[in-house]
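Peer 1: My questions all concern the structure below.
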Number of protein chains: 2
Amino acid sequence: MERPLIFVSNDDGYAAKGINVLIEVLMEFGDVVAVAPHTGRSGKGCSITSEVPVNVWNISRKPGLEVYACTGTPVDCVKVAFDAVLTRRPVLVVGGINHGDNSAVNAHYSGTMGVVLEGCMKGVPSVAFSLCSHDADADFSNTIPVIRRVVSEVLQRGLPTGSCLNVNFPDVPSYAGIKVCRQACGEWTNEWEGHNHPRGGKWYWLTGEFSCSESDPDCDRIALDNGYVAITPTKIDFTDYALLDAMKQWNL
Amino acid sequence: MERPLIFVSNDDGYAAKGINVLIEVLMEFGDVVAVAPHTGRSGKGCSITSEVPVNVWNISRKPGLEVYACTGTPVDCVKVAFDAVLTRRPVLVVGGINHGDNSAVNAHYSGTMGVVLEGCMKGVPSVAFSLCSHDADADFSNTIPVIRRVVSEVLQRGLPTGSCLNVNFPDVPSYAGIKVCRQACGEWTNEWEGHNHPRGGKWYWLTGEFSCSESDPDCDRIALDNGYVAITPTKIDFTDYALLDAMKQWNL
């Protein structure tokens, strides 16, 4: 009998450690096809490539696993996979394991979440995994049993149409537990470092500090600070229904 | 007395017709500073630039208006403006007028919505305007009285913290009215056009058709089809609270 198909992508590129750890775990559950950026595409959010064409090519092939590289964004990888690479429909779309935190409002900037929102738009249950460490050689071993448990539950239960999961792991020796959370508020400050260009003018490198004013233990950023794995259920539909009602009183 | 400051950006670039129409209208309400991409950056969503530095430079200056170009994404434009260009805090962040539809799930891909979500994260009332026409010389004249009305209401009433507005105009000779909407579902299909590269391999251009299975007149995509201006109140927080509750029964 054919094993179910699981599609994987990320924003750190097909060669990153995180995606390769993830692929190993997911191969326990089914056949895996990965189409991932040929190089790091962090911070690409849900961006798509319309100004140039994208290329996709096979990197490796073995029983139960095919890996492709793509010159596009993480979202492009999902789109091109569904249209031109996959020969059958996946039961699951998985993003990660990202090298770096995608909790709180950072979900909007995240290419890993881009993968998962796109999978979700295509009607497939989709889960993002991220570890709060940017280290290229980060230790992902603690994440593995939790990934197994989350994937197993999602495969059994499914996810509501239009909803996906954003799972973030704290970078700690052992987890306090697993917490289902809401997305924390927060703001980036001191975001740029200005440098004079040798031929004149000023150039700015994106940097900055993320500050979260929250203290609620049930928001993802604080749960991570407290050593919990934070699972934030996330919707494609970001309509503000309360404001929608309130605006019926506006003079439009 | 100092006039209030309004910040403007877009994803079609500082030279696009849409942003220049918008600036003219907004100058009725206050001083305007625009920092916009130096060229078209459509479909960039909330992406940020971390792999290279960005440059920002002045294009023009006259009483009540300063225009800057920036090599970064739409979100970078907002970030660099707040850190390195603006000398006082704006009362409003406005994105647009986009050449093209940003309704339904397209809000996730939209650089114009990137501008507005970023303004919203910075705690400033933020509004995106988009016209359902990709024509570089589109006729924006019908949008102007509606922009005046929406801006006037937002300046008077403010917006809840963490919420912004996504305003889409149908490309029709006269509007059926203005409707406050929810974000429509929908899916892109046939997204890629494959071409053989002269030196081998296949390259794919992003294209495709957007299909919306909805018929509810109160969702933005259908409201536009019916000739209404669609205003979709949009939240930064895209937690699925119903799923959050349901997941308390999961075996995690």
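Residue numbering restarts at 1 for every chain of the structure tokens, chains are lettered A, B, ... in their displayed order, and ligands are numbered from 1 as they appear.
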Report the residues of segment 42-241 of chain B whose backbone DSSP state falls under helix (DSSP H, G or I), written as a PyMOL selection string.

Peer 2: chain B and resi 74-85+104-108+111-121+143-157+220-225+241

Peer 1: Produce a file of the selected residues containing C-alpha atoms, as a PDB file, in the first residue's frame.

Peer 2:
ATOM      1  CA  PRO B  74       7.424  47.889   1.597  1.00  0.00           C
ATOM      2  CA  VAL B  75       7.808  46.794   5.243  1.00  0.00           C
ATOM      3  CA  ASP B  76      11.446  47.943   5.222  1.00  0.00           C
ATOM      4  CA  CYS B  77      10.211  51.355   4.000  1.00  0.00           C
ATOM      5  CA  VAL B  78       8.028  51.720   7.095  1.00  0.00           C
ATOM      6  CA  LYS B  79      10.736  50.439   9.416  1.00  0.00           C
ATOM      7  CA  VAL B  80      13.476  52.695   8.017  1.00  0.00           C
ATOM      8  CA  ALA B  81      11.114  55.684   7.972  1.00  0.00           C
ATOM      9  CA  PHE B  82      10.251  55.323  11.659  1.00  0.00           C
ATOM     10  CA  ASP B  83      13.900  54.819  12.671  1.00  0.00           C
ATOM     11  CA  ALA B  84      15.795  57.130  10.333  1.00  0.00           C
ATOM     12  CA  VAL B  85      13.571  59.486   8.306  1.00  0.00           C
ATOM     13  CA  ALA B 104      -9.556  38.007   0.138  1.00  0.00           C
ATOM     14  CA  VAL B 105      -6.487  35.898   0.980  1.00  0.00           C
ATOM     15  CA  ASN B 106      -4.408  38.131  -1.311  1.00  0.00           C
ATOM     16  CA  ALA B 107      -3.977  40.394   1.701  1.00  0.00           C
ATOM     17  CA  HIS B 108      -1.267  37.939   2.825  1.00  0.00           C
ATOM     18  CA  GLY B 111       3.133  44.599   0.018  1.00  0.00           C
ATOM     19  CA  THR B 112       0.535  47.339   0.470  1.00  0.00           C
ATOM     20  CA  MET B 113      -0.939  45.366   3.356  1.00  0.00           C
ATOM     21  CA  GLY B 114       2.658  44.807   4.562  1.00  0.00           C
ATOM     22  CA  VAL B 115       2.975  48.593   4.928  1.00  0.00           C
ATOM     23  CA  VAL B 116      -0.240  48.808   6.867  1.00  0.00           C
ATOM     24  CA  LEU B 117       0.324  45.792   9.148  1.00  0.00           C
ATOM     25  CA  GLU B 118       3.751  47.267   9.982  1.00  0.00           C
ATOM     26  CA  GLY B 119       2.251  50.691  10.724  1.00  0.00           C
ATOM     27  CA  CYS B 120      -0.295  48.944  12.912  1.00  0.00           C
ATOM     28  CA  MET B 121       2.476  47.037  14.764  1.00  0.00           C
ATOM     29  CA  THR B 143     -11.540  56.555  -5.259  1.00  0.00           C
ATOM     30  CA  ILE B 144     -10.774  60.097  -4.085  1.00  0.00           C
ATOM     31  CA  PRO B 145     -14.032  61.036  -2.304  1.00  0.00           C
ATOM     32  CA  VAL B 146     -14.070  57.631  -0.552  1.00  0.00           C
ATOM     33  CA  ILE B 147     -10.447  58.007   0.564  1.00  0.00           C
ATOM     34  CA  ARG B 148     -11.360  61.424   1.997  1.00  0.00           C
ATOM     35  CA  ARG B 149     -14.277  59.927   3.904  1.00  0.00           C
ATOM     36  CA  VAL B 150     -12.352  56.926   5.280  1.00  0.00           C
ATOM     37  CA  VAL B 151      -9.327  59.009   6.309  1.00  0.00           C
ATOM     38  CA  SER B 152     -11.552  61.579   7.955  1.00  0.00           C
ATOM     39  CA  GLU B 153     -13.391  58.897   9.964  1.00  0.00           C
ATOM     40  CA  VAL B 154     -10.156  57.146  11.002  1.00  0.00           C
ATOM     41  CA  LEU B 155      -8.564  60.433  12.096  1.00  0.00           C
ATOM     42  CA  GLN B 156     -11.641  61.244  14.186  1.00  0.00           C
ATOM     43  CA  ARG B 157     -12.318  57.813  15.671  1.00  0.00           C
ATOM     44  CA  ASP B 220     -14.846  41.466   0.354  1.00  0.00           C
ATOM     45  CA  ARG B 221     -14.349  39.601  -2.934  1.00  0.00           C
ATOM     46  CA  ILE B 222     -18.100  39.329  -3.612  1.00  0.00           C
ATOM     47  CA  ALA B 223     -18.778  42.904  -2.474  1.00  0.00           C
ATOM     48  CA  LEU B 224     -16.241  44.060  -5.093  1.00  0.00           C
ATOM     49  CA  ASP B 225     -17.913  41.898  -7.736  1.00  0.00           C
ATOM     50  CA  TYR B 241      -9.104  31.113  19.351  1.00  0.00           C
TER      51      TYR B 241
END

Peer 1: Give me the residues of chain A that have any atom at most 6 Å from an atom of chain B; for each, the nearest atom pair and the distance in Å, rounded to one decimal. Use only C-alpha atoms, sort by chain and number, and format it as CSV.

Peer 2:
residue,atom,partner,partner_atom,distance
A:Gly43,CA,B:Ile48,CA,5.4
A:Lys44,CA,B:Ser47,CA,4.2
A:Gly45,CA,B:Ser47,CA,4.8
A:Cys46,CA,B:Tyr109,CA,5.4
A:Ser47,CA,B:Lys44,CA,4.2
A:Ile48,CA,B:Gly43,CA,5.4
A:Ser50,CA,B:Leu206,CA,5.6
A:Pro53,CA,B:Trp205,CA,4.4
A:Val54,CA,B:Tyr204,CA,5.2
A:Asn55,CA,B:Trp203,CA,4.7
A:Tyr109,CA,B:Cys46,CA,5.4
A:Arg182,CA,B:Thr239,CA,5.6
A:Gln183,CA,B:Thr239,CA,5.8
A:Trp203,CA,B:Asn55,CA,4.7
A:Tyr204,CA,B:Pro53,CA,5.0
A:Trp205,CA,B:Pro53,CA,4.4
A:Leu206,CA,B:Ser50,CA,5.6
A:Pro233,CA,B:Asp240,CA,5.2
A:Thr234,CA,B:Thr239,CA,4.4
A:Lys235,CA,B:Asp240,CA,5.3
A:Phe238,CA,B:Phe238,CA,5.2
A:Thr239,CA,B:Thr234,CA,4.4
A:Asp240,CA,B:Thr234,CA,4.9
A:Leu244,CA,B:Pro233,CA,6.0

Peer 1: Excluding segment 128-132 of chain B and residues on its chain fewer than 3 positions from it, collect all residues at most 7 Å away from it, counting only C-alpha atoms, and give them as a list in words.

Peer 2: Val94, Gly95, Gly96, Ile97, Asn98, His99, Gly100, Asp101, Asn102, Thr112, Met113, Val116, Leu165, Asn166, Val167, Asn168, Phe169, Pro170 and Asp171 of chain B

Peer 1: Check the DSSP output for the backbone and give back, as a PyMOL selection string, the residues of segment 10-221 of chain B in strand (DSSP E or B).

Peer 2: chain B and resi 31-37+54-62+65-70+92-99+126-131+163-169+177-180+182+187-189+192-196+202-206+209-211+219

Peer 1: To one decimal place, how far is atom CA of Thr39 of chain A from atom CA of Val67 of chain A in Å?

Peer 2: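 Going from atom CA of Thr39 of chain A over to atom CA of Val67 of chain A covers 13.8 Å.
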
Peer 1: So the first atom is atom CA of Leu5 of chain A and the second is atom CA of Asn196 of chain B; what is the distance between them in Å, to one decimal place?

Peer 2: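 Atom-to-atom, atom CA of Leu5 of chain A and atom CA of Asn196 of chain B are spaced 28.0 Å apart.
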
Peer 1: Quick one: pull the distance between atom CA of Ser174 of chain A and atom CA of Phe7 of chain A, Å, one decimal.

Peer 2: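 Calculated distance between atom CA of Ser174 of chain A and atom CA of Phe7 of chain A is 28.6 Å.
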